[in-house]
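As provided, entry02.txt (compact mmCIF, C-alpha atoms and all ligand atoms) reads as follows.
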```txt
# COMPACT_ATOMS: atom_id res chain seq x y z
CA MET A 145 -16.96 -14.03 -1.56
CA ARG A 146 -15.12 -13.89 -4.87
CA MET A 147 -11.34 -14.19 -4.76
CA SER A 148 -9.62 -11.90 -7.23
CA PHE A 149 -6.08 -10.96 -8.24
CA ARG A 150 -4.74 -7.63 -9.47
CA TRP A 151 -3.22 -7.55 -12.96
CA PHE A 152 -1.43 -4.60 -14.58
CA GLY A 153 -2.18 -5.48 -18.20
CA SER A 154 -0.34 -7.31 -20.96
CA GLN A 155 2.01 -4.37 -21.62
CA ASP A 156 3.25 -3.87 -18.10
CA ASP A 157 2.74 -6.94 -15.93
CA PRO A 158 5.44 -9.60 -15.88
CA ILE A 159 2.77 -11.99 -14.58
CA SER A 160 0.63 -13.53 -17.30
CA LEU A 161 -3.09 -14.25 -17.15
CA PRO A 162 -2.55 -18.02 -17.66
CA TYR A 163 -0.43 -17.99 -14.48
CA ILE A 164 -3.16 -16.16 -12.59
CA ARG A 165 -5.66 -18.72 -13.89
CA GLN A 166 -3.66 -21.43 -12.09
CA ILE A 167 -3.97 -19.91 -8.62
CA PRO A 168 -6.48 -22.06 -6.76
CA GLY A 169 -9.74 -20.27 -6.10
CA VAL A 170 -9.00 -17.22 -8.25
CA ARG A 171 -11.42 -16.59 -11.09
CA ASP A 172 -11.62 -12.79 -11.10
CA VAL A 173 -9.05 -10.31 -12.26
CA VAL A 174 -8.88 -6.75 -10.97
CA GLY A 175 -7.69 -4.60 -13.84
CA ALA A 176 -7.44 -1.12 -15.32
CA LEU A 177 -6.39 0.80 -18.40
CA TYR A 178 -2.96 2.27 -17.86
CA ASP A 179 -2.59 4.32 -21.02
CA VAL A 180 -5.44 6.79 -20.53
CA PRO A 181 -4.30 10.01 -18.82
CA VAL A 182 -6.03 10.76 -15.51
CA GLY A 183 -9.18 12.78 -16.18
CA GLU A 184 -9.80 11.56 -19.73
CA VAL A 185 -12.63 9.26 -20.81
CA TRP A 186 -11.82 5.55 -20.98
CA PRO A 187 -12.70 4.51 -24.53
CA VAL A 188 -15.18 1.68 -25.06
CA ASP A 189 -12.91 -0.16 -27.49
CA LYS A 190 -9.95 -0.22 -25.09
CA ILE A 191 -12.15 -1.49 -22.29
CA ALA A 192 -13.46 -4.19 -24.61
CA VAL A 193 -9.92 -5.33 -25.47
CA LEU A 194 -9.00 -5.58 -21.80
CA LYS A 195 -12.17 -7.51 -21.05
CA LYS A 196 -11.50 -9.89 -23.93
CA HIS A 197 -7.92 -10.58 -22.84
CA VAL A 198 -9.18 -11.55 -19.40
CA HIS A 199 -12.05 -13.67 -20.74
CA ASP A 200 -9.88 -15.46 -23.26
CA ALA A 201 -7.73 -16.59 -20.33
CA GLY A 202 -10.77 -18.14 -18.63
CA LEU A 203 -11.09 -15.36 -16.08
CA THR A 204 -13.64 -12.63 -15.33
CA LEU A 205 -13.23 -8.86 -15.08
CA GLU A 206 -15.78 -7.04 -12.97
CA VAL A 207 -13.64 -4.84 -10.73
CA ILE A 208 -11.57 -1.89 -11.89
CA GLU A 209 -8.72 -0.57 -9.74
CA SER A 210 -8.50 2.33 -10.20
CA VAL A 211 -10.29 4.96 -12.17
CA ASN A 212 -8.16 7.74 -10.71
CA VAL A 213 -9.71 11.06 -9.80
CA HIS A 214 -8.13 14.16 -11.31
CA ASP A 215 -6.46 16.47 -8.78
CA ASP A 216 -8.64 19.39 -9.98
CA ILE A 217 -11.63 17.50 -8.56
CA LYS A 218 -9.86 16.97 -5.24
CA ILE A 219 -8.86 20.63 -5.11
CA GLY A 220 -12.29 21.83 -6.22
CA LEU A 221 -11.14 23.96 -9.17
CA SER A 222 -13.74 25.20 -11.65
CA SER A 223 -12.30 22.80 -14.23
CA ARG A 224 -13.56 19.92 -12.05
CA ASP A 225 -16.95 19.80 -13.77
CA ARG A 226 -15.36 18.86 -17.06
CA TYR A 227 -13.38 16.08 -15.37
CA ILE A 228 -16.49 14.91 -13.55
CA ASP A 229 -18.37 14.73 -16.86
CA ASN A 230 -15.54 12.61 -18.22
CA TYR A 231 -15.68 10.40 -15.14
CA ARG A 232 -19.41 9.89 -15.64
CA GLN A 233 -18.84 8.90 -19.25
CA THR A 234 -16.11 6.48 -18.16
CA LEU A 235 -18.58 4.90 -15.74
CA ARG A 236 -21.11 4.44 -18.54
CA ASN A 237 -18.47 2.92 -20.79
CA LEU A 238 -17.32 0.54 -18.06
CA ALA A 239 -20.90 -0.48 -17.31
CA GLU A 240 -21.31 -1.47 -20.95
CA ALA A 241 -18.57 -4.03 -20.27
CA ASP A 242 -20.42 -5.25 -17.16
CA ILE A 243 -18.01 -3.72 -14.68
CA SER A 244 -19.71 -3.55 -11.30
CA VAL A 245 -17.14 -2.14 -8.86
CA ILE A 246 -14.71 0.78 -9.18
CA CYS A 247 -11.92 1.21 -6.65
CA TYR A 248 -10.60 4.76 -6.40
CA ASN A 249 -8.91 7.01 -3.88
CA PHE A 250 -9.06 10.62 -2.82
CA MET A 251 -5.49 11.11 -1.62
CA PRO A 252 -4.00 14.45 -2.72
CA VAL A 253 -1.10 14.15 -5.20
CA PHE A 254 0.22 10.79 -4.03
CA ASP A 255 -1.39 7.43 -3.69
CA TRP A 256 0.17 4.91 -1.25
CA LEU A 257 3.65 5.66 0.08
CA ARG A 258 6.52 3.56 1.44
CA THR A 259 9.96 4.70 2.48
CA GLU A 260 11.67 1.39 1.57
CA LEU A 261 10.71 -0.75 -1.43
CA TRP A 262 13.13 -3.63 -0.81
CA TYR A 263 13.31 -4.13 2.95
CA ARG A 264 15.08 -7.40 3.71
CA LEU A 265 13.44 -9.72 6.24
CA PRO A 266 15.38 -12.30 8.27
CA ASP A 267 14.11 -15.12 6.00
CA GLY A 268 15.78 -13.48 2.98
CA SER A 269 12.56 -12.22 1.40
CA GLU A 270 12.08 -8.56 0.54
CA THR A 271 9.13 -6.37 1.23
CA MET A 272 7.97 -2.75 1.46
CA GLN A 273 8.40 -0.83 4.67
CA TYR A 274 7.25 2.53 5.99
CA ASP A 275 8.94 4.72 8.55
CA ARG A 276 7.13 7.96 9.37
CA SER A 277 10.29 9.66 10.62
CA ILE A 278 11.85 9.14 7.17
CA SER A 279 8.75 10.31 5.28
CA GLU A 280 8.77 13.45 7.42
CA ALA A 281 12.40 14.16 6.57
CA ILE A 282 12.46 13.33 2.86
CA THR A 283 11.22 15.58 0.03
CA PRO A 284 8.62 14.31 -2.43
CA ASP A 285 11.15 14.81 -5.25
CA ALA A 286 13.71 12.62 -3.52
CA LEU A 287 11.11 9.93 -2.98
CA LEU A 288 10.11 10.02 -6.63
CA GLU A 289 13.73 9.62 -7.65
CA GLN A 290 14.13 6.71 -5.28
CA TYR A 291 11.06 4.99 -6.76
CA ALA A 292 12.22 5.61 -10.32
CA SER A 293 15.56 3.96 -9.67
CA GLU A 294 14.30 1.07 -7.52
CA ALA A 295 11.08 -0.09 -9.14
CA SER A 296 12.70 -2.50 -11.64
CA GLY A 297 11.69 -0.29 -14.55
CA LEU A 298 8.01 -0.93 -13.86
CA SER A 299 5.46 1.79 -13.17
CA LEU A 300 4.12 1.92 -9.63
CA PRO A 301 0.36 2.32 -9.32
CA GLY A 302 -0.55 5.88 -8.42
CA TRP A 303 2.99 7.15 -9.07
CA GLU A 304 2.70 7.90 -12.78
CA PRO A 305 5.78 9.95 -13.74
CA GLU A 306 3.86 12.10 -16.27
CA ARG A 307 1.32 13.16 -13.64
CA LEU A 308 4.00 13.90 -11.07
CA ALA A 309 6.35 15.61 -13.54
CA ASP A 310 5.70 19.04 -12.11
CA LEU A 311 5.29 18.39 -8.41
CA ARG A 312 5.84 21.98 -7.32
CA THR A 313 2.93 23.26 -9.43
CA LEU A 314 0.72 20.44 -8.22
CA PHE A 315 1.55 21.15 -4.59
CA ALA A 316 0.92 24.87 -5.10
CA LYS A 317 -2.57 24.11 -6.40
CA TYR A 318 -3.36 22.48 -3.05
CA ASP A 319 -2.50 25.64 -1.17
CA GLY A 320 -5.31 26.42 1.28
CA ILE A 321 -6.98 23.01 0.90
CA ASP A 322 -7.47 21.63 4.38
CA ALA A 323 -9.24 18.46 5.46
CA GLY A 324 -12.63 20.21 5.53
CA ALA A 325 -12.28 21.46 1.96
CA LEU A 326 -11.05 18.10 0.72
CA ARG A 327 -14.03 16.40 2.33
CA GLU A 328 -16.49 18.79 0.73
CA ASN A 329 -14.85 18.21 -2.65
CA LEU A 330 -15.22 14.47 -2.19
CA LYS A 331 -18.90 14.95 -1.39
CA TYR A 332 -19.36 17.16 -4.45
CA PHE A 333 -17.75 14.47 -6.61
CA LEU A 334 -19.86 11.67 -5.14
CA GLU A 335 -23.11 13.60 -5.43
CA ALA A 336 -22.32 14.30 -9.06
CA ILE A 337 -21.55 10.71 -10.04
CA MET A 338 -24.02 8.75 -7.87
CA PRO A 339 -27.02 9.16 -10.19
CA VAL A 340 -24.99 7.58 -13.01
CA CYS A 341 -23.73 4.80 -10.73
CA GLU A 342 -27.27 4.01 -9.66
CA GLU A 343 -28.53 4.08 -13.22
CA VAL A 344 -25.85 1.79 -14.66
CA GLY A 345 -25.30 -0.47 -11.63
CA ILE A 346 -21.77 0.45 -10.58
CA THR A 347 -20.63 0.66 -6.96
CA MET A 348 -17.85 3.09 -6.11
CA ALA A 349 -15.38 1.78 -3.52
CA ILE A 350 -13.08 4.36 -2.01
CA HIS A 351 -9.66 3.12 -0.89
CA PRO A 352 -8.38 4.26 2.52
CA ASP A 353 -5.34 6.50 2.83
CA ASP A 354 -2.14 4.54 2.86
CA PRO A 355 -0.52 5.23 5.29
CA PRO A 356 -3.51 6.66 7.16
CA HIS A 357 -2.21 10.10 8.10
CA PRO A 358 -1.43 13.43 6.34
CA LEU A 359 1.79 13.62 4.32
CA PHE A 360 3.95 16.52 3.15
CA GLY A 361 1.47 19.00 4.59
CA LEU A 362 -1.36 17.63 2.42
CA PRO A 363 -4.58 16.57 4.15
CA ARG A 364 -6.00 13.04 4.09
CA VAL A 365 -9.63 12.28 4.90
CA VAL A 366 -10.03 8.50 4.53
CA SER A 367 -7.91 7.34 7.44
CA ASN A 368 -10.11 5.95 10.19
CA ARG A 369 -13.58 4.80 11.20
CA ASP A 370 -14.99 8.31 11.62
CA ASP A 371 -13.74 9.32 8.17
CA LEU A 372 -15.40 6.28 6.62
CA ARG A 373 -18.61 7.01 8.52
CA TRP A 374 -18.60 10.55 7.20
CA ILE A 375 -18.18 9.39 3.60
CA VAL A 376 -20.83 6.70 3.76
CA ASP A 377 -23.34 9.08 5.40
CA ALA A 378 -22.47 12.11 3.25
CA VAL A 379 -23.98 10.45 0.22
CA ASP A 380 -26.27 7.73 1.48
CA SER A 381 -26.48 5.42 -1.49
CA GLN A 382 -25.69 1.69 -1.66
CA ASN A 383 -23.54 2.62 -4.68
CA ASN A 384 -21.29 4.73 -2.46
CA GLY A 385 -19.07 2.06 -0.92
CA LEU A 386 -15.65 1.28 0.48
CA THR A 387 -12.60 -0.73 -0.49
CA LEU A 388 -11.83 -2.18 2.91
CA CYS A 389 -8.02 -2.36 2.88
CA THR A 390 -6.88 -4.08 6.08
CA GLY A 391 -3.23 -3.14 5.64
CA SER A 392 -3.91 0.55 5.08
CA LEU A 393 -6.28 0.99 8.01
CA GLY A 394 -4.30 -1.44 10.14
CA ALA A 395 -1.12 0.60 9.79
CA ASN A 396 -2.52 2.75 12.58
CA PRO A 397 -2.83 0.54 15.67
CA ALA A 398 -5.60 2.87 16.92
CA ASN A 399 -7.86 1.62 14.10
CA SER A 400 -9.77 -1.50 15.03
CA VAL A 401 -9.91 -3.14 11.62
CA VAL A 402 -12.28 -5.84 12.80
CA ASP A 403 -14.78 -3.34 14.22
CA ILE A 404 -14.61 -1.29 11.03
CA ILE A 405 -15.32 -4.40 8.91
CA GLY A 406 -18.21 -5.40 11.17
CA GLU A 407 -19.76 -1.96 10.95
CA PHE A 408 -19.48 -1.22 7.25
CA ALA A 409 -19.66 -4.71 5.74
CA GLY A 410 -22.63 -5.26 8.05
CA GLU A 411 -24.36 -2.33 6.35
CA GLY A 412 -23.57 -3.75 2.91
CA ARG A 413 -21.23 -0.88 2.08
CA VAL A 414 -18.12 -2.95 1.27
CA PRO A 415 -18.14 -4.33 -2.27
CA PHE A 416 -14.37 -4.94 -2.37
CA ALA A 417 -11.67 -5.84 0.15
CA HIS A 418 -7.87 -5.82 0.06
CA ILE A 419 -6.81 -8.31 2.70
CA ARG A 420 -3.17 -8.22 3.70
CA ASN A 421 -1.13 -8.21 6.86
CA ILE A 422 1.48 -5.82 8.21
CA ARG A 423 3.87 -5.96 11.14
CA TRP A 424 4.14 -2.94 13.39
CA GLU A 425 7.74 -2.26 14.28
CA GLY A 426 7.21 0.58 16.71
CA GLU A 427 5.86 4.12 16.57
CA GLY A 428 5.14 5.05 12.94
CA ARG A 429 6.95 2.05 11.48
CA PHE A 430 5.65 -1.10 9.82
CA TYR A 431 6.49 -3.53 7.07
CA GLU A 432 4.25 -5.61 4.83
CA SER A 433 4.45 -9.16 6.16
CA ALA A 434 3.28 -12.43 4.66
CA HIS A 435 -0.50 -12.80 4.95
CA LEU A 436 -0.54 -15.29 7.86
CA SER A 437 -1.65 -14.01 11.27
CA SER A 438 1.51 -15.46 12.78
CA GLU A 439 3.68 -13.30 10.48
CA GLY A 440 2.10 -9.93 11.13
CA SER A 441 0.22 -7.82 13.66
CA LEU A 442 -3.31 -8.32 12.30
CA ASP A 443 -5.43 -11.34 13.14
CA MET A 444 -6.46 -12.59 9.73
CA TYR A 445 -8.78 -15.25 11.10
CA ASP A 446 -10.72 -12.61 12.97
CA ILE A 447 -10.79 -10.41 9.88
CA VAL A 448 -12.10 -13.16 7.59
CA ARG A 449 -14.59 -14.33 10.21
CA THR A 450 -15.94 -10.80 10.59
CA PHE A 451 -16.43 -10.46 6.84
CA HIS A 452 -18.21 -13.79 6.81
CA HIS A 453 -20.48 -12.94 9.73
CA ALA A 454 -21.37 -9.66 8.07
CA GLY A 455 -22.72 -11.59 5.10
CA PHE A 456 -19.99 -10.25 2.80
CA ASP A 457 -20.53 -11.34 -0.80
CA GLY A 458 -18.18 -8.96 -2.60
CA PHE A 459 -14.72 -9.28 -4.10
CA ILE A 460 -11.59 -9.97 -2.07
CA ARG A 461 -8.02 -9.82 -3.22
CA PRO A 462 -4.76 -10.65 -1.52
CA ASP A 463 -2.69 -7.51 -1.47
CA HIS A 464 0.97 -6.59 -1.49
CA GLY A 465 3.13 -9.65 -1.05
CA ARG A 466 6.81 -9.99 -0.35
CA MET A 467 9.30 -10.93 -3.07
CA ILE A 468 10.23 -14.55 -2.48
CA TRP A 469 11.92 -17.46 -4.27
CA GLY A 470 14.09 -15.17 -6.37
CA GLU A 471 11.18 -13.45 -8.09
CA THR A 472 11.79 -9.93 -9.34
CA GLY A 473 9.26 -7.37 -10.49
CA ARG A 474 6.92 -4.69 -9.26
CA PRO A 475 7.33 -4.19 -5.50
CA GLY A 476 4.35 -5.65 -3.68
CA TYR A 477 2.96 -7.29 -6.78
CA GLY A 478 4.92 -10.47 -7.34
CA LEU A 479 3.10 -13.69 -8.17
CA PHE A 480 4.29 -16.09 -5.50
CA ASP A 481 3.54 -14.42 -2.20
CA ARG A 482 0.21 -13.02 -3.38
CA ALA A 483 -0.77 -16.50 -4.61
CA LEU A 484 0.11 -17.90 -1.18
CA GLY A 485 -2.03 -15.12 0.29
CA ALA A 486 -4.99 -16.05 -1.92
CA SER A 487 -4.70 -19.70 -0.90
CA TYR A 488 -4.43 -18.85 2.76
CA LEU A 489 -7.40 -16.48 2.67
CA GLY A 490 -9.43 -19.05 0.72
CA GLY A 491 -8.60 -21.62 3.42
CA LEU A 492 -9.64 -19.29 6.20
CA TRP A 493 -12.89 -18.56 4.42
CA GLU A 494 -13.66 -22.26 3.95
CA ALA A 495 -12.97 -22.96 7.61
CA VAL A 496 -15.18 -20.13 8.80
CA ASP A 497 -17.89 -21.04 6.33
CA LYS A 498 -18.01 -24.72 7.24
CA GLY A 499 -17.70 -23.91 10.93
CA ALA A 500 -20.67 -21.58 10.67
CA SER A 501 -22.90 -24.22 9.14
CA ALA A 502 -21.64 -27.14 11.27
C1 LIG A 601 -1.40 0.11 -3.90
C2 LIG A 601 -2.85 0.13 -4.03
C3 LIG A 601 -3.34 1.54 -4.29
C4 LIG A 601 -4.80 1.53 -4.68
C5 LIG A 601 -5.36 2.90 -4.90
C6 LIG A 601 -6.82 2.84 -5.23
O1 LIG A 601 -0.78 -0.87 -4.15
O2 LIG A 601 -3.49 -0.41 -2.95
O3 LIG A 601 -2.58 2.07 -5.32
O4 LIG A 601 -4.94 0.81 -5.87
O5 LIG A 601 -5.18 3.69 -3.79
O6 LIG A 601 -7.17 3.96 -5.93
```
Show the structure stored in the file as structure tokens.
Amino acid sequence: MRMSFRWFGSQDDPISLPYIRQIPGVRDVVGALYDVPVGEVWPVDKIAVLKKHVHDAGLTLEVIESVNVHDDIKIGLSSRDRYIDNYRQTLRNLAEADISVICYNFMPVFDWLRTELWYRLPDGSETMQYDRSISEAITPDALLEQYASEASGLSLPGWEPERLADLRTLFAKYDGIDAGALRENLKYFLEAIMPVCEEVGITMAIHPDDPPHPLFGLPRVVSNRDDLRWIVDAVDSQNNGLTLCTGSLGANPANSVVDIIGEFAGEGRVPFAHIRNIRWEGEGRFYESAHLSSEGSLDMYDIVRTFHHAGFDGFIRPDHGRMIWGETGRPGYGLFDRALGASYLGGLWEAVDKGASA
């Protein structure tokens, strides 16, 4: 297992690489380029600069989160082939910099979604919360406005204002795209890029839908065990893998996260894991808790043990943390609570590891 930490780049992350370097057990950074429009080729020189920044700080960069997929590919428009060619070239360019894992998602229009970015917990910390009844009542425009005014002036991953500038047109393009069509478009995309992935040694790791159900009338096809099974079988290559995000899948109590880990990590199809906890608050409602089992609804010991038993040797990162100790910044991506998460997960791993060989 390699413990990693997400970083949003020197332009846009209030957390510096030297600080990340001081988190015990963390040697890998999960990064991305944030100034290349979705669908365009990531230039070799920009990738090299990012890689150098990370290396100069004594850290390693092998995982990219995310190379986003253009909506035309998800919709299956004829323009998709041009964007797929660009994606292939991006993969080649990333492989030149020894990138081995690419996290991406196939959610239409939006990436993750929360209805509250600063939900106050009884201990005074703040965290993100989701309430399905609110998401069903609010318009996407209103949500965008809320994010723009509440995100401390920082961009939120997957919510790039330039991409979402014309929401109505984007939504209209999805007209008639149901889950079946979206699935076929995902397969088309994977079939087109897998030969390059296999040639250059990159594993694709699709991120589950977050939250794991359709939103605003748009389909979602990466929400549960059967969806993951379909994806893994649709293109049966070891380079077609999953980002196992415990918080995303775990948001639906019907998903057995532990069984899903056992199944797919056991088959060697999980190169990357986001391990975080959530607390269910009732039907369709949850908040992102501290990582400890005692703070949330997921059993983190069981989760880590299952990864270990499956022979997992990929990358792990703590995920969304709360804002604690007066820290401000990008919701979910403060330093302190994620660092606590990394330490806790590292401790669980050590305990399971030593227990297994005792
Ligand atoms: C949210 C993240 C997601 C994730 C993408 C992967 O904080 O988990 O934005 O990076 O879905 O493409």
Each chain A residue no farther than 6 Å from ligand LIG 601 (chain A), nearest pair in Å, all atoms listed in the file, as a tab-separated table:
```
residue	atom	partner	partner_atom	distance
A:Glu209	CA	A:LIG601	O4	5.6
A:Ser210	CA	A:LIG601	O6	4.8
A:Cys247	CA	A:LIG601	O6	5.5
A:Tyr248	CA	A:LIG601	O6	3.6
A:Asn249	CA	A:LIG601	O6	4.1
A:Asp255	CA	A:LIG601	O5	5.3
A:Trp256	CA	A:LIG601	O3	5.7
A:Pro301	CA	A:LIG601	O3	5.0
A:Gly302	CA	A:LIG601	O3	5.3
A:His351	CA	A:LIG601	C6	5.2
```
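Closest to A:Asp200 among A:Pro162, A:Ile404, A:Glu260, A:Ala502 is A:Pro162, based on only C-alpha atoms.
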(request) Would you mind telling me which residue in A:Gly440, A:Pro415, A:Pro252, A:Gly220 lies nearest to A:His357 when using all atoms listed in the file? (result) A:Pro252
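The space between atom CA of A:Asp443 and atom CA of A:Thr472 spans 28.4 Å.
Taking atom CA of A:Gln273 as the reference point, atom CA of A:Ile208 is found at 26.0 Å.
If you count only C-alpha atoms and ignore residues fewer than 4 places along the chain from A:Gln290, what sits within 12 Å of it is Leu257, Arg258, Thr259, Glu260, Leu261, Trp262, Ile282, Thr283, Pro284, Asp285, Ala286, Glu294, Ala295, Ser296, Gly297, Leu300 and Trp303 of chain A.
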From the block you just saw, export stretch 187-213 of chain A: N, CA and C atoms, as a PDB file, in the first residue's frame.
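Output (decode_17.pdb):
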```
ATOM      1  N   PRO A 187      -0.058  19.080 -22.173  1.00  0.00           N
ATOM      2  CA  PRO A 187       1.271  19.218 -22.782  1.00  0.00           C
ATOM      3  C   PRO A 187       2.383  18.602 -21.926  1.00  0.00           C
ATOM      4  N   VAL A 188       3.350  17.999 -22.622  1.00  0.00           N
ATOM      5  CA  VAL A 188       4.473  17.337 -21.953  1.00  0.00           C
ATOM      6  C   VAL A 188       5.201  18.294 -21.006  1.00  0.00           C
ATOM      7  N   ASP A 189       5.417  19.536 -21.467  1.00  0.00           N
ATOM      8  CA  ASP A 189       6.214  20.437 -20.617  1.00  0.00           C
ATOM      9  C   ASP A 189       5.484  20.805 -19.320  1.00  0.00           C
ATOM     10  N   LYS A 190       4.180  20.954 -19.389  1.00  0.00           N
ATOM     11  CA  LYS A 190       3.427  21.270 -18.156  1.00  0.00           C
ATOM     12  C   LYS A 190       3.437  20.087 -17.192  1.00  0.00           C
ATOM     13  N   ILE A 191       3.327  18.899 -17.755  1.00  0.00           N
ATOM     14  CA  ILE A 191       3.373  17.702 -16.892  1.00  0.00           C
ATOM     15  C   ILE A 191       4.746  17.632 -16.219  1.00  0.00           C
ATOM     16  N   ALA A 192       5.781  17.944 -16.994  1.00  0.00           N
ATOM     17  CA  ALA A 192       7.142  17.859 -16.453  1.00  0.00           C
ATOM     18  C   ALA A 192       7.341  18.861 -15.307  1.00  0.00           C
ATOM     19  N   VAL A 193       6.750  20.042 -15.444  1.00  0.00           N
ATOM     20  CA  VAL A 193       6.880  21.053 -14.382  1.00  0.00           C
ATOM     21  C   VAL A 193       6.195  20.564 -13.108  1.00  0.00           C
ATOM     22  N   LEU A 194       4.996  20.011 -13.273  1.00  0.00           N
ATOM     23  CA  LEU A 194       4.265  19.485 -12.111  1.00  0.00           C
ATOM     24  C   LEU A 194       5.083  18.388 -11.418  1.00  0.00           C
ATOM     25  N   LYS A 195       5.588  17.493 -12.232  1.00  0.00           N
ATOM     26  CA  LYS A 195       6.377  16.370 -11.703  1.00  0.00           C
ATOM     27  C   LYS A 195       7.606  16.888 -10.933  1.00  0.00           C
ATOM     28  N   LYS A 196       8.242  17.902 -11.495  1.00  0.00           N
ATOM     29  CA  LYS A 196       9.443  18.448 -10.872  1.00  0.00           C
ATOM     30  C   LYS A 196       9.122  19.116  -9.531  1.00  0.00           C
ATOM     31  N   HIS A 197       8.033  19.874  -9.510  1.00  0.00           N
ATOM     32  CA  HIS A 197       7.620  20.504  -8.245  1.00  0.00           C
ATOM     33  C   HIS A 197       7.509  19.446  -7.149  1.00  0.00           C
ATOM     34  N   VAL A 198       6.821  18.369  -7.490  1.00  0.00           N
ATOM     35  CA  VAL A 198       6.565  17.313  -6.501  1.00  0.00           C
ATOM     36  C   VAL A 198       7.882  16.652  -6.090  1.00  0.00           C
ATOM     37  N   HIS A 199       8.726  16.370  -7.072  1.00  0.00           N
ATOM     38  CA  HIS A 199      10.004  15.700  -6.761  1.00  0.00           C
ATOM     39  C   HIS A 199      10.927  16.578  -5.947  1.00  0.00           C
ATOM     40  N   ASP A 200      10.946  17.864  -6.289  1.00  0.00           N
ATOM     41  CA  ASP A 200      11.823  18.780  -5.548  1.00  0.00           C
ATOM     42  C   ASP A 200      11.438  18.859  -4.080  1.00  0.00           C
ATOM     43  N   ALA A 201      10.168  18.520  -3.787  1.00  0.00           N
ATOM     44  CA  ALA A 201       9.713  18.551  -2.392  1.00  0.00           C
ATOM     45  C   ALA A 201       9.957  17.198  -1.708  1.00  0.00           C
ATOM     46  N   GLY A 202      10.610  16.287  -2.390  1.00  0.00           N
ATOM     47  CA  GLY A 202      10.907  14.980  -1.786  1.00  0.00           C
ATOM     48  C   GLY A 202       9.737  14.019  -1.852  1.00  0.00           C
ATOM     49  N   LEU A 203       8.842  14.262  -2.792  1.00  0.00           N
ATOM     50  CA  LEU A 203       7.654  13.415  -2.921  1.00  0.00           C
ATOM     51  C   LEU A 203       7.605  12.811  -4.331  1.00  0.00           C
ATOM     52  N   THR A 204       6.674  11.900  -4.546  1.00  0.00           N
ATOM     53  CA  THR A 204       6.559  11.214  -5.831  1.00  0.00           C
ATOM     54  C   THR A 204       5.189  11.481  -6.437  1.00  0.00           C
ATOM     55  N   LEU A 205       5.128  11.552  -7.751  1.00  0.00           N
ATOM     56  CA  LEU A 205       3.842  11.731  -8.437  1.00  0.00           C
ATOM     57  C   LEU A 205       3.650  10.594  -9.430  1.00  0.00           C
ATOM     58  N   GLU A 206       2.722   9.707  -9.102  1.00  0.00           N
ATOM     59  CA  GLU A 206       2.438   8.604 -10.030  1.00  0.00           C
ATOM     60  C   GLU A 206       0.954   8.493 -10.355  1.00  0.00           C
ATOM     61  N   VAL A 207       0.137   9.204  -9.558  1.00  0.00           N
ATOM     62  CA  VAL A 207      -1.313   9.102  -9.754  1.00  0.00           C
ATOM     63  C   VAL A 207      -1.857  10.469 -10.160  1.00  0.00           C
ATOM     64  N   ILE A 208      -2.670  10.480 -11.200  1.00  0.00           N
ATOM     65  CA  ILE A 208      -3.333  11.712 -11.621  1.00  0.00           C
ATOM     66  C   ILE A 208      -4.820  11.615 -11.302  1.00  0.00           C
ATOM     67  N   GLU A 209      -5.343  12.640 -10.668  1.00  0.00           N
ATOM     68  CA  GLU A 209      -6.780  12.735 -10.388  1.00  0.00           C
ATOM     69  C   GLU A 209      -7.185  14.175 -10.671  1.00  0.00           C
ATOM     70  N   SER A 210      -7.928  14.368 -11.720  1.00  0.00           N
ATOM     71  CA  SER A 210      -8.400  13.461 -12.737  1.00  0.00           C
ATOM     72  C   SER A 210      -7.950  13.956 -14.105  1.00  0.00           C
ATOM     73  N   VAL A 211      -7.968  13.034 -15.079  1.00  0.00           N
ATOM     74  CA  VAL A 211      -8.024  13.523 -16.455  1.00  0.00           C
ATOM     75  C   VAL A 211      -9.508  13.420 -16.800  1.00  0.00           C
ATOM     76  N   ASN A 212     -10.177  14.561 -16.797  1.00  0.00           N
ATOM     77  CA  ASN A 212     -11.630  14.542 -16.984  1.00  0.00           C
ATOM     78  C   ASN A 212     -12.007  14.176 -18.412  1.00  0.00           C
ATOM     79  N   VAL A 213     -13.157  13.567 -18.532  1.00  0.00           N
ATOM     80  CA  VAL A 213     -13.640  13.080 -19.823  1.00  0.00           C
ATOM     81  C   VAL A 213     -14.638  14.104 -20.371  1.00  0.00           C
TER      82      VAL A 213
END
```
